Structure formats: C-alpha cells, structure tokens
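Novice: Okay, so here is upload-v6.cif, and as you'll see once you scroll down, it has mmCIF, N, CA and C atoms.
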```cif
data_run
#
loop_
_atom_site.label_atom_id
_atom_site.label_comp_id
_atom_site.auth_asym_id
_atom_site.auth_seq_id
_atom_site.Cartn_x
_atom_site.Cartn_y
_atom_site.Cartn_z
N MET I 1 0.85 -1.16 0.00
CA MET I 1 0.00 0.00 0.00
C MET I 1 0.90 1.23 0.00
N LYS I 2 0.86 1.94 -1.06
CA LYS I 2 1.64 3.16 -1.17
C LYS I 2 0.76 4.34 -0.76
N ARG I 3 1.32 5.13 0.12
CA ARG I 3 0.55 6.26 0.64
C ARG I 3 1.33 7.53 0.39
N THR I 4 0.64 8.55 0.04
CA THR I 4 1.30 9.84 -0.17
C THR I 4 0.95 10.75 1.00
N PHE I 5 1.93 11.48 1.43
CA PHE I 5 1.76 12.41 2.54
C PHE I 5 1.88 13.84 2.03
N ASN I 6 1.11 14.71 2.63
CA ASN I 6 1.12 16.11 2.22
C ASN I 6 2.00 16.99 3.08
N SER I 7 2.35 16.47 4.27
CA SER I 7 3.19 17.28 5.15
C SER I 7 4.01 16.36 6.06
N TYR I 8 5.00 16.97 6.71
CA TYR I 8 5.81 16.22 7.65
C TYR I 8 5.01 15.84 8.90
N GLU I 9 4.01 16.63 9.21
CA GLU I 9 3.17 16.33 10.36
C GLU I 9 2.42 15.01 10.15
N GLU I 10 1.93 14.78 8.95
CA GLU I 10 1.24 13.52 8.64
C GLU I 10 2.21 12.34 8.75
N ILE I 11 3.42 12.53 8.29
CA ILE I 11 4.43 11.48 8.37
C ILE I 11 4.75 11.17 9.84
N ASN I 12 4.94 12.20 10.63
CA ASN I 12 5.25 12.02 12.06
C ASN I 12 4.09 11.35 12.80
N ARG I 13 2.88 11.74 12.48
CA ARG I 13 1.72 11.13 13.12
C ARG I 13 1.62 9.65 12.75
N GLU I 14 1.85 9.31 11.50
CA GLU I 14 1.82 7.91 11.06
C GLU I 14 2.94 7.11 11.72
N LEU I 15 4.11 7.71 11.86
CA LEU I 15 5.22 7.03 12.53
C LEU I 15 4.91 6.79 14.00
N GLU I 16 4.27 7.74 14.66
CA GLU I 16 3.88 7.57 16.05
C GLU I 16 2.86 6.43 16.20
N ILE I 17 1.90 6.38 15.28
CA ILE I 17 0.90 5.31 15.31
C ILE I 17 1.59 3.95 15.12
N LEU I 18 2.49 3.87 14.18
CA LEU I 18 3.21 2.61 13.95
C LEU I 18 4.08 2.22 15.14
N LYS I 19 4.68 3.20 15.79
CA LYS I 19 5.50 2.92 16.97
C LYS I 19 4.64 2.36 18.10
N ILE I 20 3.47 2.96 18.32
CA ILE I 20 2.58 2.49 19.38
C ILE I 20 2.05 1.09 19.05
N GLU I 21 1.71 0.85 17.79
CA GLU I 21 1.26 -0.48 17.39
C GLU I 21 2.35 -1.52 17.61
N ARG I 22 3.59 -1.16 17.33
CA ARG I 22 4.71 -2.07 17.54
C ARG I 22 4.90 -2.37 19.02
N GLU I 23 4.79 -1.36 19.86
CA GLU I 23 4.91 -1.57 21.31
C GLU I 23 3.80 -2.47 21.84
N ILE I 24 2.58 -2.27 21.36
CA ILE I 24 1.46 -3.12 21.78
C ILE I 24 1.71 -4.57 21.36
N SER I 25 2.16 -4.76 20.14
CA SER I 25 2.46 -6.12 19.67
C SER I 25 3.57 -6.75 20.48
N PHE I 26 4.57 -5.97 20.84
CA PHE I 26 5.68 -6.49 21.64
C PHE I 26 5.19 -6.92 23.02
N HIS I 27 4.33 -6.10 23.64
CA HIS I 27 3.79 -6.44 24.97
C HIS I 27 2.92 -7.69 24.90
N LYS I 28 2.12 -7.82 23.85
CA LYS I 28 1.31 -9.03 23.68
C LYS I 28 2.19 -10.26 23.54
N LEU I 29 3.28 -10.12 22.81
CA LEU I 29 4.21 -11.23 22.61
C LEU I 29 4.87 -11.63 23.93
N THR I 30 5.30 -10.66 24.71
CA THR I 30 5.95 -10.99 25.98
C THR I 30 4.95 -11.62 26.96
N GLN I 31 3.71 -11.16 26.95
CA GLN I 31 2.70 -11.77 27.80
C GLN I 31 2.42 -13.21 27.37
N SER I 32 2.37 -13.44 26.07
CA SER I 32 2.14 -14.80 25.57
C SER I 32 3.28 -15.73 25.96
N THR I 33 4.50 -15.25 25.83
CA THR I 33 5.64 -16.11 26.18
C THR I 33 5.68 -16.38 27.68
N SER I 34 5.31 -15.42 28.49
CA SER I 34 5.29 -15.67 29.93
C SER I 34 4.20 -16.66 30.30
N ARG I 35 3.05 -16.59 29.64
CA ARG I 35 1.99 -17.56 29.89
C ARG I 35 2.43 -18.97 29.46
N ILE I 36 3.11 -19.05 28.33
CA ILE I 36 3.57 -20.35 27.85
C ILE I 36 4.60 -20.94 28.80
N THR I 37 5.55 -20.12 29.25
CA THR I 37 6.57 -20.64 30.17
C THR I 37 5.96 -21.04 31.51
N ASN I 38 4.92 -20.34 31.95
CA ASN I 38 4.24 -20.73 33.19
C ASN I 38 3.50 -22.05 33.02
N ASN I 39 2.96 -22.29 31.83
CA ASN I 39 2.25 -23.54 31.58
C ASN I 39 3.20 -24.73 31.49
N PHE I 40 4.46 -24.51 31.17
CA PHE I 40 5.41 -25.60 31.01
C PHE I 40 6.30 -25.80 32.23
N THR I 41 5.81 -25.44 33.40
CA THR I 41 6.55 -25.75 34.62
C THR I 41 6.28 -27.21 34.99
N ALA I 42 7.17 -27.79 35.78
CA ALA I 42 7.06 -29.21 36.13
C ALA I 42 5.73 -29.57 36.79
N PRO I 43 5.26 -28.82 37.78
CA PRO I 43 3.97 -29.19 38.39
C PRO I 43 2.80 -29.16 37.42
N ASN I 44 2.78 -28.16 36.54
CA ASN I 44 1.69 -28.08 35.57
C ASN I 44 1.75 -29.22 34.56
N LEU I 45 2.96 -29.59 34.13
CA LEU I 45 3.09 -30.70 33.19
C LEU I 45 2.67 -32.02 33.84
N LEU I 46 3.06 -32.22 35.10
CA LEU I 46 2.65 -33.44 35.80
C LEU I 46 1.14 -33.49 35.98
N LYS I 47 0.58 -32.36 36.36
CA LYS I 47 -0.87 -32.31 36.55
C LYS I 47 -1.60 -32.62 35.24
N LEU I 48 -1.12 -32.05 34.15
CA LEU I 48 -1.73 -32.29 32.85
C LEU I 48 -1.56 -33.75 32.43
N GLY I 49 -0.36 -34.29 32.65
CA GLY I 49 -0.11 -35.68 32.28
C GLY I 49 -0.96 -36.66 33.05
N PHE I 50 -1.07 -36.45 34.37
CA PHE I 50 -1.88 -37.36 35.18
C PHE I 50 -3.36 -37.24 34.86
N SER I 51 -3.82 -36.04 34.56
CA SER I 51 -5.24 -35.89 34.23
C SER I 51 -5.55 -36.58 32.90
N ASN I 52 -4.64 -36.45 31.92
CA ASN I 52 -4.85 -37.13 30.64
C ASN I 52 -4.76 -38.64 30.80
N LEU I 53 -3.81 -39.10 31.60
CA LEU I 53 -3.65 -40.52 31.84
C LEU I 53 -4.88 -41.08 32.55
N GLY I 54 -5.33 -40.38 33.57
CA GLY I 54 -6.51 -40.83 34.31
C GLY I 54 -7.75 -40.88 33.45
N SER I 55 -7.95 -39.89 32.61
CA SER I 55 -9.15 -39.88 31.78
C SER I 55 -9.09 -40.97 30.72
N SER I 56 -7.91 -41.23 30.17
CA SER I 56 -7.82 -42.27 29.14
C SER I 56 -7.91 -43.66 29.76
N LEU I 57 -7.33 -43.85 30.95
CA LEU I 57 -7.42 -45.15 31.61
C LEU I 57 -8.81 -45.41 32.17
N GLY I 58 -9.47 -44.39 32.59
CA GLY I 58 -10.82 -44.54 33.11
C GLY I 58 -11.79 -45.02 32.07
N LYS I 59 -11.54 -44.72 30.81
CA LYS I 59 -12.42 -45.13 29.72
C LYS I 59 -12.05 -46.50 29.16
N SER I 60 -10.92 -47.04 29.56
CA SER I 60 -10.42 -48.29 28.98
C SER I 60 -10.93 -49.49 29.78
N ASN I 61 -11.77 -50.30 29.16
CA ASN I 61 -12.28 -51.50 29.82
C ASN I 61 -11.18 -52.54 29.97
N GLN I 62 -10.28 -52.65 29.02
CA GLN I 62 -9.20 -53.63 29.10
C GLN I 62 -8.31 -53.34 30.31
N PHE I 63 -8.04 -52.09 30.56
CA PHE I 63 -7.22 -51.73 31.72
C PHE I 63 -7.94 -52.08 33.02
N LYS I 64 -9.23 -51.84 33.08
CA LYS I 64 -9.99 -52.19 34.28
C LYS I 64 -9.96 -53.69 34.53
N ILE I 65 -10.09 -54.47 33.46
CA ILE I 65 -10.04 -55.93 33.59
C ILE I 65 -8.66 -56.36 34.06
N PHE I 66 -7.62 -55.75 33.51
CA PHE I 66 -6.25 -56.07 33.90
C PHE I 66 -6.03 -55.79 35.38
N VAL I 67 -6.46 -54.64 35.85
CA VAL I 67 -6.29 -54.28 37.26
C VAL I 67 -7.08 -55.23 38.15
N PHE I 68 -8.30 -55.52 37.77
CA PHE I 68 -9.13 -56.43 38.56
C PHE I 68 -8.51 -57.82 38.66
N THR I 69 -8.05 -58.38 37.54
CA THR I 69 -7.45 -59.72 37.57
C THR I 69 -6.13 -59.71 38.34
N SER I 70 -5.36 -58.64 38.23
CA SER I 70 -4.10 -58.55 38.99
C SER I 70 -4.37 -58.53 40.49
N ILE I 71 -5.34 -57.77 40.91
CA ILE I 71 -5.69 -57.71 42.33
C ILE I 71 -6.22 -59.06 42.80
N LEU I 72 -7.05 -59.68 41.98
CA LEU I 72 -7.59 -60.99 42.32
C LEU I 72 -6.48 -62.03 42.45
N LYS I 73 -5.52 -62.04 41.53
CA LYS I 73 -4.38 -62.97 41.61
C LYS I 73 -3.57 -62.72 42.88
N PHE I 74 -3.36 -61.47 43.21
CA PHE I 74 -2.60 -61.13 44.41
C PHE I 74 -3.30 -61.66 45.67
N ILE I 75 -4.60 -61.48 45.75
CA ILE I 75 -5.36 -61.94 46.90
C ILE I 75 -5.34 -63.45 46.99
N ILE I 76 -5.51 -64.13 45.87
CA ILE I 76 -5.51 -65.60 45.87
C ILE I 76 -4.15 -66.14 46.30
N ARG I 77 -3.08 -65.56 45.82
CA ARG I 77 -1.73 -65.99 46.22
C ARG I 77 -1.52 -65.79 47.72
N ARG I 78 -2.00 -64.69 48.26
CA ARG I 78 -1.87 -64.42 49.69
C ARG I 78 -2.62 -65.46 50.52
N ILE I 79 -3.79 -65.80 50.04
CA ILE I 79 -4.62 -66.77 50.78
C ILE I 79 -3.93 -68.14 50.79
N PHE I 80 -3.42 -68.59 49.63
CA PHE I 80 -2.83 -69.93 49.55
C PHE I 80 -1.43 -70.00 50.18
N LYS I 81 -0.73 -68.91 50.30
CA LYS I 81 0.58 -68.91 50.97
C LYS I 81 0.44 -69.08 52.46
N ARG I 82 -0.63 -68.64 53.05
CA ARG I 82 -0.85 -68.72 54.49
C ARG I 82 -1.15 -70.15 54.94
N LYS I 83 -1.70 -70.95 54.07
CA LYS I 83 -2.07 -72.32 54.47
C LYS I 83 -0.99 -73.29 54.29
#
```
Could the structure of this file be written out as structure tokens, please?

Specialist:
Amino acid sequence: MKRTFNSYEEINRELEILKIEREISFHKLTQSTSRITNNFTAPNLLKLGFSNLGSSLGKSNQFKIFVFTSILKFIIRRIFKRK
C-alpha cells in the first residue's frame, strides 16, 4: 500500500501510530511467552499428564479388567501362601 503524505506532520503522526502499534504487539508477545513458560513448569506438566492418563485409563475397559485380575491374583496368592 503506497501512501502519499502532504506534510511532515502527517508522516510524524503515522510514525507515532506505527510505533505504538509495535509496542502493543511487543507487549502481547511478551505476555504470551510468559503464559507459555508458566504452563510448562514441572507441576503443571505433571498435573496435565496425570489428568490425561486418568481420563484415558478410566475409559479403557481392558485396563480395568487387567487391574481387577491382577488384584484378584494377588489376593488368591496371599490366601494360599498362608495355608
């Protein structure tokens, strides 16, 4: 977009507007990077990982069967070792 200016005042005003827009964009960028770095801290990653793991395992019937049979085997072995 080519723009023609009639005076130096118009040029200065446009430069001021561009400078302010650049500063706003820079502040938005720094805020975004700080939010991203806060989200990637160890506690947040662990919390996210465990919540995803829990939700995926909670929906898995095969995992529930595996846990149930493992617990049942453990109990049966305990009972027969005592006798």

Novice: If I take atom N of Asn39 in chain I and atom C of Ile20 in chain I, how far is one from the other in Å, to one decimal?

Specialist: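 These atoms are spaced 26.7 Å apart.
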
Novice: Could you work out how far atom C of Glu16 in chain I lies from atom N of Lys28 in chain I, giving the answer in Å with one decimal?

Specialist: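 Calculated distance between atom N of Lys28 in chain I and atom C of Glu16 in chain I is 16.2 Å.
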
Novice: Please, what distance in Å, to one decimal, runs between CA of Glu14 in chain I and CA of Thr30 in chain I?

Specialist: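 If I compute the distance from CA of Glu14 in chain I to CA of Thr30 in chain I, I get 24.4 Å.
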
Novice: Give the padded box for range 32-40 of chain I as JSON: axis-aligned, covering all atoms listed in the file, 8 Å on each side, centre and edge lengths in Å to one decimal.

Specialist:
```
{"center_x": 4.3, "center_y": -19.6, "center_z": 29.4, "size_x": 20.6, "size_y": 28.4, "size_z": 23.6}
```
